[in-house]
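Trainee: Quick one: the structure is below, and I'll ask about it shortly.
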Amino acid sequence: MPTLKKHYKTLRLILGDQLNAQHSWYKQKDASTLYVIAELKQETSYVKHHGQKLCAFFAAMAQFANALQQANHQVLYLTLDQTHTFTSLPALIKHLCKEYSIEHFEYQRPDEHRLLTQLTELDLPKKIKQAMVDSEHFLLPIDEISDHFSEGKHHKMEFFYRKMRRRFNILMDNHQPLGGQWNYDAENRSKLKKEDLEHIPQPLLFANDVGEITERIDKHTIEYFGKTDKQLLWPTNRQQATKLLRFFCEYCLPQFGKFQDAMTCNSAHQWSLYHSRLSFALNSKILHPLTVINEAINAFEQAAGDITLPQIEGFIRQILGWREYIRGVYWANMPKYQTLNHFNAKQNLPKYFWTGKTKMQCMKQAIEQSLDYAYAHHIQRLMITGNFCLLTGIDPKQVDAWYLGIYIDAIEWVEMPNTRGMSQFADGGLIATKPYAAGGNYINKMSDYCKNCHYKIKEKTGETACPFNSLYWGFMIKHKEEFEKNPRIGMIYHNWGKQEQDTQQAVLKRAAWCIENLDYL
């Protein structure tokens, strides 16, 4: 391990998603306080991760440690070379406390249940005092989550979002929503037309050298997947993240809301579109959500009409509303939430989730993009891969593990409720008021994927019929007793009833064949 003096009064742990330079910890410099940031095998192996995700976190951690050192704090940065013999985070902490004669151990409250459990159950000598402090990142304090969320109960996101808008006076006009309307979601569902494709901005990319990190990961036989280069395109420090934020506000925000649900395979920038791609910087706490919100609102106010209200509202709703809401659901329902499986889904994840080799064009595009960039936007996650897993009855544990591993921004507090809840309805409706199930028509409406597909979007039966069409009806009929009582979806059974019985049987037969042959679709 790096050579430091042998005695420190206080040891402060900084986790990989706690890279908040504005935290009150750093306002004072104390030579008797040692900050530790560590690459750990346990953080690489609880699921199999995308290589870019591992590199991004390790690179951001190393740069944060260097920034603290430059600010004259005492910092111990440990790579896998120094920590590979420790089986867990608690084992490392115990060793460091003994090594440096620590009297006080302090840590910021973790945002994952497994890490919170490890640290709150940490068994240190009684002479060492322990303290947990807030991470000072989220807009809703942890102590107030119980005021808004109850275990096992559905809470409507829209109502929570409005409370947050009022609380922080964001897009408000004398206690009323700016423009007289809270939500412009109905105006945020446009498909990209051919003439729109040439205007999609070229994404801002970075070139962070992660060659040494990839060599270290390989040296310690860490398993990973996805495309991994020696240069990482994601922001790994505050300067880069701020640059990306300002790029988004100038070049993407003017069209963000309009095209936030759109998908295409006919643009060189199809993977980025108008999305901010700030989620890694936010979830690692490099950027504070209010920093992002204020920068976007400032751009809106200075844009002289080039950024309309529906564009800015759609973005603010994701940061101020959805992100805080998802966290509230997670902490109100853990640890039980991770066991929920409302539909008793048991199928295995098909092999093409790891390769992208499938004849379904929409799935091929979403999965290959995810493998190439460790990123997909919310509709690709929800209505392509998520929808497919829902319709085919994939085990939610396997779906969780895939999403948690493949996406660079995936940390359990945000991944699990989005996946197990919103996407898979495995929580039985704690988040969504209906399952987000859809046939091929939705995908065709929001993308150009279907034009280049092996399967035919207008066919429901036969070998070339779009699998989503029959799978949708197979799923809806299987759960008819439950769904027909739901006022948001009950009417679809009236349409089903209009079809000839032979047609119905053919559709269900095709759905059953698809389920039995998932790996070959």
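Residues in the structure tokens are numbered from 1 in each chain, the chains being A, B, ... in the order shown, and ligands are numbered from 1 in the order shown.
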Find the residues around A:Lys98 up to 12 Å (only C-alpha atoms counted), leave out those fewer than 4 positions away in its own chain, and share them as an MDAnalysis selection string.

Mentor: chainID A and resid 6:11 91:94 102:105 124:125 127:128

Trainee: Any chance you could export the current selection's N, CA and C atoms as a PDB file, in the first residue's frame?

Mentor:
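The result, stored in part_6.pdb:
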```pdb
ATOM      1  N   LYS A   6       1.870   6.795  10.068  1.00  0.00           N
ATOM      2  CA  LYS A   6       1.254   5.630  10.693  1.00  0.00           C
ATOM      3  C   LYS A   6       0.026   5.933  11.534  1.00  0.00           C
ATOM      4  N   HIS A   7      -0.205   7.175  11.850  1.00  0.00           N
ATOM      5  CA  HIS A   7      -1.324   7.459  12.740  1.00  0.00           C
ATOM      6  C   HIS A   7      -2.196   8.591  12.181  1.00  0.00           C
ATOM      7  N   TYR A   8      -3.486   8.305  12.094  1.00  0.00           N
ATOM      8  CA  TYR A   8      -4.496   9.311  11.753  1.00  0.00           C
ATOM      9  C   TYR A   8      -5.623   9.185  12.766  1.00  0.00           C
ATOM     10  N   LYS A   9      -6.212  10.279  13.089  1.00  0.00           N
ATOM     11  CA  LYS A   9      -7.307  10.250  14.053  1.00  0.00           C
ATOM     12  C   LYS A   9      -8.592   9.723  13.407  1.00  0.00           C
ATOM     13  N   THR A  10      -8.850  10.167  12.170  1.00  0.00           N
ATOM     14  CA  THR A  10     -10.116   9.850  11.505  1.00  0.00           C
ATOM     15  C   THR A  10      -9.878   9.233  10.135  1.00  0.00           C
ATOM     16  N   LEU A  11     -10.626   8.184   9.847  1.00  0.00           N
ATOM     17  CA  LEU A  11     -10.631   7.581   8.517  1.00  0.00           C
ATOM     18  C   LEU A  11     -11.993   7.852   7.891  1.00  0.00           C
ATOM     19  N   ALA A  91     -13.637  -5.984   5.432  1.00  0.00           N
ATOM     20  CA  ALA A  91     -12.298  -6.526   5.706  1.00  0.00           C
ATOM     21  C   ALA A  91     -11.233  -5.469   5.457  1.00  0.00           C
ATOM     22  N   LEU A  92     -11.397  -4.695   4.388  1.00  0.00           N
ATOM     23  CA  LEU A  92     -10.436  -3.637   4.090  1.00  0.00           C
ATOM     24  C   LEU A  92     -10.469  -2.550   5.155  1.00  0.00           C
ATOM     25  N   ILE A  93     -11.657  -2.149   5.556  1.00  0.00           N
ATOM     26  CA  ILE A  93     -11.793  -1.078   6.553  1.00  0.00           C
ATOM     27  C   ILE A  93     -11.158  -1.493   7.879  1.00  0.00           C
ATOM     28  N   LYS A  94     -11.407  -2.709   8.295  1.00  0.00           N
ATOM     29  CA  LYS A  94     -10.818  -3.193   9.544  1.00  0.00           C
ATOM     30  C   LYS A  94      -9.300  -3.140   9.484  1.00  0.00           C
ATOM     31  N   ILE A 102      -6.622   4.205  13.756  1.00  0.00           N
ATOM     32  CA  ILE A 102      -7.787   5.077  13.614  1.00  0.00           C
ATOM     33  C   ILE A 102      -8.620   5.112  14.906  1.00  0.00           C
ATOM     34  N   GLU A 103      -9.088   6.310  15.252  1.00  0.00           N
ATOM     35  CA  GLU A 103      -9.961   6.502  16.416  1.00  0.00           C
ATOM     36  C   GLU A 103     -11.410   6.732  16.001  1.00  0.00           C
ATOM     37  N   HIS A 104     -11.611   7.314  14.821  1.00  0.00           N
ATOM     38  CA  HIS A 104     -12.965   7.593  14.314  1.00  0.00           C
ATOM     39  C   HIS A 104     -13.069   7.078  12.874  1.00  0.00           C
ATOM     40  N   PHE A 105     -14.138   6.342  12.594  1.00  0.00           N
ATOM     41  CA  PHE A 105     -14.405   5.918  11.222  1.00  0.00           C
ATOM     42  C   PHE A 105     -15.710   6.583  10.767  1.00  0.00           C
ATOM     43  N   LEU A 124     -16.254  -3.115  14.263  1.00  0.00           N
ATOM     44  CA  LEU A 124     -14.946  -2.556  14.590  1.00  0.00           C
ATOM     45  C   LEU A 124     -14.712  -2.612  16.098  1.00  0.00           C
ATOM     46  N   PRO A 125     -13.484  -2.514  16.544  1.00  0.00           N
ATOM     47  CA  PRO A 125     -13.223  -2.456  17.989  1.00  0.00           C
ATOM     48  C   PRO A 125     -14.023  -1.326  18.634  1.00  0.00           C
ATOM     49  N   LYS A 127     -13.372   0.789  20.763  1.00  0.00           N
ATOM     50  CA  LYS A 127     -12.662   2.059  20.973  1.00  0.00           C
ATOM     51  C   LYS A 127     -12.758   2.982  19.751  1.00  0.00           C
ATOM     52  N   ILE A 128     -13.134   2.419  18.579  1.00  0.00           N
ATOM     53  CA  ILE A 128     -13.259   3.223  17.361  1.00  0.00           C
ATOM     54  C   ILE A 128     -14.701   3.719  17.239  1.00  0.00           C
TER      55      ILE A 128
END
```

Trainee: Excluding A:Lys456 and any residue of its chain fewer than 5 positions from it, enumerate the residues within 7 Å of it, using only C-alpha atoms, and give them as a VMD selection string.

Mentor: chain A and resid 464 to 466

Trainee: Which residues are close to A:Gln369, i.e. within 12 Å by only C-alpha atoms, leaving aside same-chain residues fewer than 3 positions away? Reply as a ChimeraX atom specification.

Mentor: /A:226-227,263-265,269-272,353-356,361-366,372-377,380-381,385,406-407

Trainee: Smallest atom-to-atom distance to A:Asp409: which of A:Pro467, A:Leu119, A:Tyr100, A:His378, using only C-alpha atoms?

Mentor: A:His378

Trainee: Near A:Leu518, counting only C-alpha atoms, which residues have an atom at most 9 Å away, once you skip same-chain residues fewer than 6 positions from it, shown as a PyMOL selection string?

Mentor: chain A and resi 349-351+392

Trainee: With N, CA and C atoms retained, could you export that selection as an mmCIF file, in the first residue's frame?

Mentor:
```
data_model
loop_
_atom_site.group_PDB
_atom_site.id
_atom_site.type_symbol
_atom_site.label_atom_id
_atom_site.label_comp_id
_atom_site.auth_asym_id
_atom_site.auth_seq_id
_atom_site.Cartn_x
_atom_site.Cartn_y
_atom_site.Cartn_z
ATOM 1 N N LEU A 349 -32.843 -15.383 -19.544
ATOM 2 C CA LEU A 349 -32.518 -14.316 -20.480
ATOM 3 C C LEU A 349 -31.902 -14.932 -21.735
ATOM 4 N N PRO A 350 -32.424 -14.611 -22.924
ATOM 5 C CA PRO A 350 -31.865 -15.183 -24.161
ATOM 6 C C PRO A 350 -30.406 -14.805 -24.364
ATOM 7 N N LYS A 351 -29.676 -15.639 -25.070
ATOM 8 C CA LYS A 351 -28.234 -15.467 -25.241
ATOM 9 C C LYS A 351 -27.867 -14.203 -26.015
ATOM 10 N N THR A 392 -42.152 -11.961 -22.465
ATOM 11 C CA THR A 392 -41.662 -13.339 -22.533
ATOM 12 C C THR A 392 -41.463 -13.972 -21.164
#
```

Trainee: Can you work out which one of A:Cys252, A:Ala432, A:Ile477, A:Ala296 has the shortest atom-to-atom distance to A:Leu273, counting only C-alpha atoms?

Mentor: A:Cys252

Trainee: Rank nothing, just name the residue among A:Gln311, A:Thr291, A:Asn237, A:Gln82 nearest to A:Ala38, using only C-alpha atoms.

Mentor: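 Between A:Gln311, A:Thr291, A:Asn237, A:Gln82, the residue approaching A:Ala38 most closely is A:Gln82.
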
Trainee: State, in Å with one decimal place, the distance from atom CA of A:Glu112 to atom CA of A:Gln52.

Mentor: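 So the answer is 20.5 Å.
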
Trainee: Please identify which residues in stretch 242-296 of chain A DSSP calls helix (DSSP H, G or I) from the backbone, and express them as a PDB file with C-alpha atoms, in the first residue's frame.

Mentor:
```
ATOM      1  CA  THR A 242     -19.884  20.511 -16.790  1.00  0.00           C
ATOM      2  CA  LYS A 243     -18.762  20.775 -20.403  1.00  0.00           C
ATOM      3  CA  LEU A 244     -21.195  18.007 -21.378  1.00  0.00           C
ATOM      4  CA  LEU A 245     -24.004  19.711 -19.455  1.00  0.00           C
ATOM      5  CA  ARG A 246     -23.438  22.995 -21.303  1.00  0.00           C
ATOM      6  CA  PHE A 247     -23.223  21.155 -24.622  1.00  0.00           C
ATOM      7  CA  PHE A 248     -26.586  19.548 -23.920  1.00  0.00           C
ATOM      8  CA  CYS A 249     -28.207  22.864 -23.033  1.00  0.00           C
ATOM      9  CA  GLU A 250     -26.939  24.537 -26.202  1.00  0.00           C
ATOM     10  CA  TYR A 251     -27.308  21.822 -28.826  1.00  0.00           C
ATOM     11  CA  CYS A 252     -29.737  19.180 -27.541  1.00  0.00           C
ATOM     12  CA  LEU A 253     -32.206  20.789 -25.152  1.00  0.00           C
ATOM     13  CA  PRO A 254     -34.020  22.785 -27.907  1.00  0.00           C
ATOM     14  CA  GLN A 255     -35.327  19.472 -29.313  1.00  0.00           C
ATOM     15  CA  PHE A 256     -34.986  17.198 -26.276  1.00  0.00           C
ATOM     16  CA  GLY A 257     -38.601  17.074 -25.142  1.00  0.00           C
ATOM     17  CA  LYS A 258     -40.012  16.663 -28.624  1.00  0.00           C
ATOM     18  CA  PHE A 259     -37.823  13.664 -29.497  1.00  0.00           C
ATOM     19  CA  SER A 279     -26.691  10.108 -15.911  1.00  0.00           C
ATOM     20  CA  PHE A 280     -23.237   8.712 -15.085  1.00  0.00           C
ATOM     21  CA  ALA A 281     -22.031  12.110 -13.872  1.00  0.00           C
ATOM     22  CA  LEU A 282     -25.200  12.511 -11.804  1.00  0.00           C
ATOM     23  CA  ASN A 283     -25.265   9.023 -10.324  1.00  0.00           C
ATOM     24  CA  PRO A 289     -28.996  17.641  -9.622  1.00  0.00           C
ATOM     25  CA  LEU A 290     -29.624  21.308  -8.817  1.00  0.00           C
ATOM     26  CA  THR A 291     -26.539  22.233 -10.833  1.00  0.00           C
ATOM     27  CA  VAL A 292     -28.029  20.428 -13.812  1.00  0.00           C
ATOM     28  CA  ILE A 293     -31.503  21.881 -13.281  1.00  0.00           C
ATOM     29  CA  ASN A 294     -30.271  25.454 -12.843  1.00  0.00           C
ATOM     30  CA  GLU A 295     -28.039  25.285 -15.915  1.00  0.00           C
ATOM     31  CA  ALA A 296     -30.924  23.981 -18.024  1.00  0.00           C
TER      32      ALA A 296
END
```

Trainee: Env of A:Thr83: 7 Å cut, atoms = only C-alpha atoms, seq-sep filter 4 positions within chain, self excluded. Answer as a VMD selection string.

Mentor: chain A and resid 40 78 to 79

Trainee: Got time to write the residues from that selection, N, CA and C atoms, as a compact mmCIF listing (two decimals), in the first residue's frame?

Mentor:
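Output saved as again.txt:
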```txt
# COMPACT_ATOMS: atom_id res chain seq x y z
N LEU A 40 -12.34 -2.14 -5.53
CA LEU A 40 -12.59 -3.37 -4.79
C LEU A 40 -13.14 -4.47 -5.70
N LEU A 78 -6.40 3.33 -3.35
CA LEU A 78 -5.98 1.94 -3.45
C LEU A 78 -6.53 1.32 -4.73
N THR A 79 -5.67 0.77 -5.54
CA THR A 79 -6.10 0.08 -6.75
C THR A 79 -6.33 -1.39 -6.43
```

Trainee: Identify, on the basis of only C-alpha atoms, every residue whose closest approach to A:Asn444 does not exceed 9 Å; exclude the query and any residue fewer than 6 positions from it along the same chain; express the result as a count of residues only.

Mentor: 3

Trainee: Pull the closest atom pair for each residue of stretch 70-182 of chain A that gets at most 9 Å from stretch 315-321 of chain A, along with the distance in Å to one decimal, counting only C-alpha atoms, ordering rows by chain and then ascending residue number, as JSON lines.

Mentor:
```
{"residue": "A:Leu139", "atom": "CA", "partner": "A:Leu320", "partner_atom": "CA", "distance": 7.9}
{"residue": "A:Met157", "atom": "CA", "partner": "A:Gly321", "partner_atom": "CA", "distance": 7.1}
{"residue": "A:Glu158", "atom": "CA", "partner": "A:Gly321", "partner_atom": "CA", "distance": 7.7}
{"residue": "A:Phe160", "atom": "CA", "partner": "A:Gly321", "partner_atom": "CA", "distance": 7.0}
{"residue": "A:Tyr161", "atom": "CA", "partner": "A:Gly321", "partner_atom": "CA", "distance": 4.5}
{"residue": "A:Arg162", "atom": "CA", "partner": "A:Gly321", "partner_atom": "CA", "distance": 8.0}
{"residue": "A:Met164", "atom": "CA", "partner": "A:Leu320", "partner_atom": "CA", "distance": 6.8}
{"residue": "A:Arg165", "atom": "CA", "partner": "A:Leu320", "partner_atom": "CA", "distance": 7.5}
{"residue": "A:Ile170", "atom": "CA", "partner": "A:Ile316", "partner_atom": "CA", "distance": 8.6}
{"residue": "A:Leu171", "atom": "CA", "partner": "A:Ile316", "partner_atom": "CA", "distance": 8.8}
```
